[in-house]
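Visitor: Sending over a structure as structure tokens; questions will come in a sec.
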Amino acid sequence: MKRVLIIIATVFLVTALAMAQTPSKRLGIGSPATPEQVAALDIDVRPDGAGLPPGGGTAREGANVYAQKCAACHGATGEGGTADPLVGSQPADTAPFGPDYERWRNNRPDVPFTIGNYWPYATTIFDYVRRAMPASAPGSLTADETYALTAWLLAGNGVIADTAVMNADTLPRVRMPARTRFVPDSRKGGSEVK
Amino acid sequence: MRNTRRPGQHDGVTRRALLTTTLGAAALTLAPGRARGQESPPADTTKRWGRLPNALGARSPAENPKRTLNLPTSSRTPLQDLHGTVTPSDLHYERHHAGLPVVDPRAYRLLVHGMVDRPLTFTLDDVKRFPAVTRTCFLECSGNFFGTREETTPQDVCGLTSQSEWTGVMLSTIFNEAGAQRAATWFLAEGQDAAVMTRSIPIKEALGEAMLVYAQNGEALRPEQGYPVRLLLPGIEGNASVKWLRRMKLSDQPFMTREETSKYTDPLADGTARQFSLVMDARSVITSPAYPQTIEKGFVEVRGIAWSGRGLVRRVEISTDGGRTWKPAALQQPVLPKAHTRFRYEWEWDGRPTEIVSRAVDETGYVQPDMSALRSARGRRTRYHLNPVTGWTIAADGRVRFAVERVRV
């Protein structure tokens with residue numbers, strides 16, 4: 001009797017697992033996306049460079065674009081404006097890094113988070129600037145302008161040389177100072193505070 | 001008890017108000033469809049017909065809950081004005097990265113592509129055709145802590161959390177329809193605001209509970225909550241529940257967008273920074289009594305909400321002696337996972353100065369920590385995921401103030 005029950009339970013369990021793993025059937029809702037529809041929206045750039053468009057630019061070219069389209073909010077030199085500071089890499093190679101939040105929330109500013117001391121991937125700059133900047137005309141920059149601005153921001157943070165060309169080949173290979181600092185979330189509930 | 005009084009409430013009926021009401025009644029008789037709510041109620045409501053049914057309701061003019069705008073990019077829910085666990089949709093907190101896009105529902109398209117067998121687009125009607133699911137859960141911005149002054153309300157302390165009953169389709173249903181490939185481990189969620197806001201979401205962690213929702217508290221989403229369709233990730237920091245969702249791209253790696261690298265990450269004391277710290281840990285807040293209330297000696301019901309992104313709130317403990325002794329609060333049933341849970345504690349205030357404190361314990365055994373414990377675990381640089389135990393001091397005159405010392409480190 002006990003064996004029969006075990007067999008029945010096993011059969012039930014296997015069936016349940018199989019049902020859970022078998023994808024349910026398609027409902028036939030939605031339309032096939034055309035390559036044009038995908039291309040029109042597919043603007044993301046990954047750390048491996050996937051998604052980077054043709055084109056390129058240097059920090060020197062980027063300086064002009066920055067002065068015209070970014071300086072009003074971010075400050076003439078990349079800091080001191082109303083928007084986030086973009087340059088200033090200290091303390092790039094000491095721990096801890098980023099601002100002391102407890103000082104910040106008590107109105108005692110500390111070192112800011114910047115591209116130089118905090119951003120782990122250079123590709124993120126291109127992706128974000130192209131999709132969201134400048135705030136007065138988001139999404140208006142050409143690929144060349146975006147590469148040039150990315151180069152200016154990287155050079156301003158001492159990550160690349162003024163003369164370095166940023167393009168789909170070089171940008172994913174830029175090693176950011178904060179690259180190795182990022183770790184997965186270790187919190188998992190339970191009694192330990194993390 | 002004076003503690004239910006709020007600014008703007010009327011004590012009595014003035015002569016002018018009576019006159020206005022009388023004129024209002026006349027207007028009602030002549031043109032019932034155009035009658036407006038009057039500023040003050042009549043002294044005796046039984047002697048005259050009131051307004052007839054109309055097409056769209058409104059709050060009592062005596063009730064005036066408002067979101068507050070502490071920062072230009074967010075607004076906060078007036079937690080101290082709410083009673084149960086559902087946040088009225090027009091009081092749901094907001095956090096936008098480039099303002100509020102006006103999306104035409106007829107032109108709306110959702111694209112699902114990347115590592116799928118069938119890249120698809122969906123209209124709003126398409127999304128609504130899928131088998132529907134309804135779920136009540138909280139959303140919370142992970143930057144939801146403030147408290148440097150005694151003159152701080154519950155709304156200021158942690159008003160970047162709200163709760164709704166959401167309706168939509170399970171994300172797994174959409175992924176099945178598009179034929180998500182086994183090797184796909186992440187997906188990019190992209191909004192159609194002017195920031196074209198993006199987050200990478202780990203599929204394994206999200207797929208069990210994630211939804212695409214188009215309704216909130218029984219009606220279509222509010223524009224500020226992502227109309228017409230948003231992602232909903234129960235228990236996970238609000239930023240990842242991307243609003244005005246226009247695109248999902250499946251991938252075998254995260255995209256490392258700005259919001260998951262330079263923002264929404266947690267620098268620790270050892271020089272590392274925690275990334276994809278998605279789950280909102282357990283938390284509670286006493287919403288009454290709280291600043292700016294004044295209480296009187298005698299019976300006081302201590303009220304508040306508790307929640308955990310990891311599941312059920314198992315219990316809430318209350319201290320009325322500044323954290324020396326703790327007693328369990330009553331939890332309003334049903335307690336739902338990853339949902340605001342209303343707690344209440346009956347207390348007799350003896351008139352002596354004290355501090356009342358709450359702390360939540362969730363189903364994993366996690367106990368809401370003190371700020372000092374958070375800071376010793378993480379250092380002083382994390383600004384997200386701060387869920388410290390908070391309290392309210394009560395002075396001999398009954399005035400309630402935010403207990404600043406409790407969160408100072």
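FYI, nothing fancy with the structure tokens labels: chains A, B, ... in order, residues from 1 per chain, ligands from 1 as they appear.
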Contacts of Arg383 of chain B at 8 Å or less, counting only C-alpha atoms, minus same-chain residues fewer than 3 places along, as a PyMOL selection string?

Guide: (chain A and resi 101) or (chain B and resi 143+266+386)

Visitor: Excluding same-chain residues fewer than 2 positions from segment 159-167 of chain A, what lies within 8 Å of it counting only C-alpha atoms, as a PyMOL selection string?

Guide: chain A and resi 52+54-60+116+147-148+150-152+154-157+169-171+174-177

Visitor: Produce a file of the selected residues containing N, CA and C atoms, as a PDB file, in the first residue's frame.

Guide:
ATOM      1  N   LEU A  52      26.775  49.700 -30.649  1.00  0.00           N
ATOM      2  CA  LEU A  52      27.463  50.950 -30.986  1.00  0.00           C
ATOM      3  C   LEU A  52      27.369  51.205 -32.490  1.00  0.00           C
ATOM      4  N   PRO A  54      28.271  53.192 -36.282  1.00  0.00           N
ATOM      5  CA  PRO A  54      29.471  53.729 -36.946  1.00  0.00           C
ATOM      6  C   PRO A  54      29.686  55.181 -36.521  1.00  0.00           C
ATOM      7  N   GLY A  55      30.905  55.659 -36.750  1.00  0.00           N
ATOM      8  CA  GLY A  55      31.216  57.041 -36.398  1.00  0.00           C
ATOM      9  C   GLY A  55      32.337  57.065 -35.379  1.00  0.00           C
ATOM     10  N   GLY A  56      32.697  58.270 -34.913  1.00  0.00           N
ATOM     11  CA  GLY A  56      33.751  58.386 -33.928  1.00  0.00           C
ATOM     12  C   GLY A  56      34.015  59.836 -33.583  1.00  0.00           C
ATOM     13  N   GLY A  57      34.859  60.067 -32.577  1.00  0.00           N
ATOM     14  CA  GLY A  57      35.186  61.431 -32.187  1.00  0.00           C
ATOM     15  C   GLY A  57      36.269  61.452 -31.130  1.00  0.00           C
ATOM     16  N   THR A  58      36.878  62.633 -30.963  1.00  0.00           N
ATOM     17  CA  THR A  58      37.931  62.812 -29.957  1.00  0.00           C
ATOM     18  C   THR A  58      37.480  63.832 -28.919  1.00  0.00           C
ATOM     19  N   ALA A  59      38.250  63.910 -27.846  1.00  0.00           N
ATOM     20  CA  ALA A  59      37.941  64.863 -26.784  1.00  0.00           C
ATOM     21  C   ALA A  59      37.987  66.296 -27.313  1.00  0.00           C
ATOM     22  N   ARG A  60      38.917  66.558 -28.205  1.00  0.00           N
ATOM     23  CA  ARG A  60      39.021  67.929 -28.729  1.00  0.00           C
ATOM     24  C   ARG A  60      37.759  68.324 -29.478  1.00  0.00           C
ATOM     25  N   GLY A 116      34.720  59.437 -13.503  1.00  0.00           N
ATOM     26  CA  GLY A 116      36.067  58.969 -13.210  1.00  0.00           C
ATOM     27  C   GLY A 116      36.161  58.074 -11.996  1.00  0.00           C
ATOM     28  N   TYR A 147      30.053  60.252 -29.646  1.00  0.00           N
ATOM     29  CA  TYR A 147      31.407  59.702 -29.463  1.00  0.00           C
ATOM     30  C   TYR A 147      32.361  60.789 -28.966  1.00  0.00           C
ATOM     31  N   ALA A 148      32.260  61.994 -29.564  1.00  0.00           N
ATOM     32  CA  ALA A 148      33.166  63.078 -29.192  1.00  0.00           C
ATOM     33  C   ALA A 148      32.943  63.501 -27.735  1.00  0.00           C
ATOM     34  N   THR A 150      31.648  61.625 -25.363  1.00  0.00           N
ATOM     35  CA  THR A 150      32.112  60.515 -24.532  1.00  0.00           C
ATOM     36  C   THR A 150      33.624  60.613 -24.359  1.00  0.00           C
ATOM     37  N   ALA A 151      34.324  60.922 -25.453  1.00  0.00           N
ATOM     38  CA  ALA A 151      35.780  61.069 -25.392  1.00  0.00           C
ATOM     39  C   ALA A 151      36.157  62.230 -24.473  1.00  0.00           C
ATOM     40  N   TRP A 152      35.431  63.353 -24.590  1.00  0.00           N
ATOM     41  CA  TRP A 152      35.731  64.523 -23.744  1.00  0.00           C
ATOM     42  C   TRP A 152      35.544  64.188 -22.261  1.00  0.00           C
ATOM     43  N   LEU A 154      35.672  61.200 -20.867  1.00  0.00           N
ATOM     44  CA  LEU A 154      36.691  60.236 -20.432  1.00  0.00           C
ATOM     45  C   LEU A 154      38.042  60.927 -20.255  1.00  0.00           C
ATOM     46  N   ALA A 155      38.377  61.826 -21.189  1.00  0.00           N
ATOM     47  CA  ALA A 155      39.651  62.542 -21.086  1.00  0.00           C
ATOM     48  C   ALA A 155      39.635  63.484 -19.882  1.00  0.00           C
ATOM     49  N   GLY A 156      38.516  64.151 -19.657  1.00  0.00           N
ATOM     50  CA  GLY A 156      38.395  65.056 -18.521  1.00  0.00           C
ATOM     51  C   GLY A 156      38.553  64.351 -17.188  1.00  0.00           C
ATOM     52  N   ASN A 157      38.267  63.076 -17.172  1.00  0.00           N
ATOM     53  CA  ASN A 157      38.446  62.279 -15.967  1.00  0.00           C
ATOM     54  C   ASN A 157      39.784  61.546 -15.955  1.00  0.00           C
ATOM     55  N   ASP A 169      34.974  50.426 -31.983  1.00  0.00           N
ATOM     56  CA  ASP A 169      36.053  49.489 -31.695  1.00  0.00           C
ATOM     57  C   ASP A 169      36.775  49.838 -30.393  1.00  0.00           C
ATOM     58  N   THR A 170      37.051  51.143 -30.192  1.00  0.00           N
ATOM     59  CA  THR A 170      37.886  51.543 -29.048  1.00  0.00           C
ATOM     60  C   THR A 170      37.090  51.701 -27.743  1.00  0.00           C
ATOM     61  N   LEU A 171      35.875  52.185 -27.836  1.00  0.00           N
ATOM     62  CA  LEU A 171      35.128  52.506 -26.609  1.00  0.00           C
ATOM     63  C   LEU A 171      34.923  51.292 -25.682  1.00  0.00           C
ATOM     64  N   VAL A 174      37.919  50.577 -23.368  1.00  0.00           N
ATOM     65  CA  VAL A 174      38.358  51.512 -22.323  1.00  0.00           C
ATOM     66  C   VAL A 174      38.102  50.874 -20.956  1.00  0.00           C
ATOM     67  N   ARG A 175      39.130  50.840 -20.134  1.00  0.00           N
ATOM     68  CA  ARG A 175      39.019  50.249 -18.803  1.00  0.00           C
ATOM     69  C   ARG A 175      38.733  51.367 -17.799  1.00  0.00           C
ATOM     70  N   MET A 176      37.595  51.334 -17.155  1.00  0.00           N
ATOM     71  CA  MET A 176      37.231  52.395 -16.225  1.00  0.00           C
ATOM     72  C   MET A 176      37.867  52.150 -14.854  1.00  0.00           C
ATOM     73  N   PRO A 177      38.271  53.244 -14.155  1.00  0.00           N
ATOM     74  CA  PRO A 177      38.917  53.066 -12.843  1.00  0.00           C
ATOM     75  C   PRO A 177      38.059  52.270 -11.847  1.00  0.00           C
TER      76      PRO A 177
END

Visitor: Mind running chain B against chain A at 6 Å and telling me each contacting residue's nearest atom pair with the distance in Å (one decimal), counting only C-alpha atoms, chain and number ascending, as CSV?

Guide:
residue,atom,partner,partner_atom,distance
B:Pro119,CA,A:Ala33,CA,5.3
B:Leu120,CA,A:Pro32,CA,4.5
B:Thr121,CA,A:Ser31,CA,5.3
B:Phe122,CA,A:Gly30,CA,4.8
B:Asp126,CA,A:Gly30,CA,6.0
B:Glu177,CA,A:Arg26,CA,5.2
B:Ala195,CA,A:Ala132,CA,4.4
B:Phe255,CA,A:Arg46,CA,4.8
B:Thr257,CA,A:Thr124,CA,5.6
B:Arg258,CA,A:Thr124,CA,5.9
B:Ser262,CA,A:Trp119,CA,5.4
B:Ala269,CA,A:Pro96,CA,5.8
B:Gly271,CA,A:Pro96,CA,4.4
B:Thr272,CA,A:Arg181,CA,4.5
B:Ala273,CA,A:Phe182,CA,4.7
B:Arg274,CA,A:Val183,CA,5.1
B:Gln275,CA,A:Pro184,CA,5.2
B:Ser277,CA,A:Asp185,CA,5.0
B:Thr364,CA,A:Gly190,CA,4.8
B:Gly365,CA,A:Gly190,CA,4.7
B:Tyr366,CA,A:Gly190,CA,4.4
B:Ala377,CA,A:Lys194,CA,5.4
B:Arg380,CA,A:Asp100,CA,5.6
B:Arg381,CA,A:Asp100,CA,4.6
B:Arg383,CA,A:Tyr101,CA,5.9

Visitor: Find the residue from B:Val157, B:Ile318, B:Met248, B:Met211 that sits nearest to Leu110 of chain B; use only C-alpha atoms when measuring.

Guide: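 Using only C-alpha atoms, the shortest distance to Leu110 of chain B belongs to B:Met248.
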
Visitor: Applying 8 Å and only C-alpha atoms, which residues near Gly304 of chain B remain after dropping the ones on its own chain fewer than 2 positions away? List them as a list in words.

Guide: Ser284, Val285, Ile286, Thr287, Ser288, Val302, Ala306, Arg342, Phe343 and Arg344 of chain B

Visitor: Dump C-alpha atoms for the selected residues as a CSV table (one decimal), in the first residue's frame?

Guide:
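As written to disk, out.csv reads:
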chain,number,residue,atom,x,y,z
B,284,SER,CA,7.9,50.0,9.1
B,285,VAL,CA,6.8,53.5,10.0
B,286,ILE,CA,4.4,54.8,12.6
B,287,THR,CA,2.1,57.1,10.7
B,288,SER,CA,0.1,58.2,13.8
B,302,VAL,CA,-0.4,53.7,17.5
B,306,ALA,CA,5.1,47.7,7.5
B,342,ARG,CA,-1.4,47.9,8.5
B,343,PHE,CA,-0.4,47.6,12.1
B,344,ARG,CA,-2.1,49.0,15.2

Visitor: Could you tell me how far atom CA of Gly218 of chain B sits from atom CA of Arg303 of chain B, in Å to one decimal place?

Guide: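 We find that atom CA of Arg303 of chain B and atom CA of Gly218 of chain B lie 26.4 Å from each other.
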
Visitor: Just list the residues in segment 192-386 of chain B DSSP gives strand (DSSP E or B) on the backbone, as a PyMOL selection string.

Guide: chain B and resi 198-202+211-216+219-220+230-232+236+245-251+266-267+273-275+279+283-288+294+298-307+313-319+327-328+330-331+341-349+354-362+367

Visitor: Can you list, as number ranges by chain, every residue of segment 45-192 of chain A that DSSP puts in helix (DSSP H, G or I)?

Guide: A: 59-69, 71-74, 101-104, 115-118, 122-132, 143-156, 171-173, 179-181
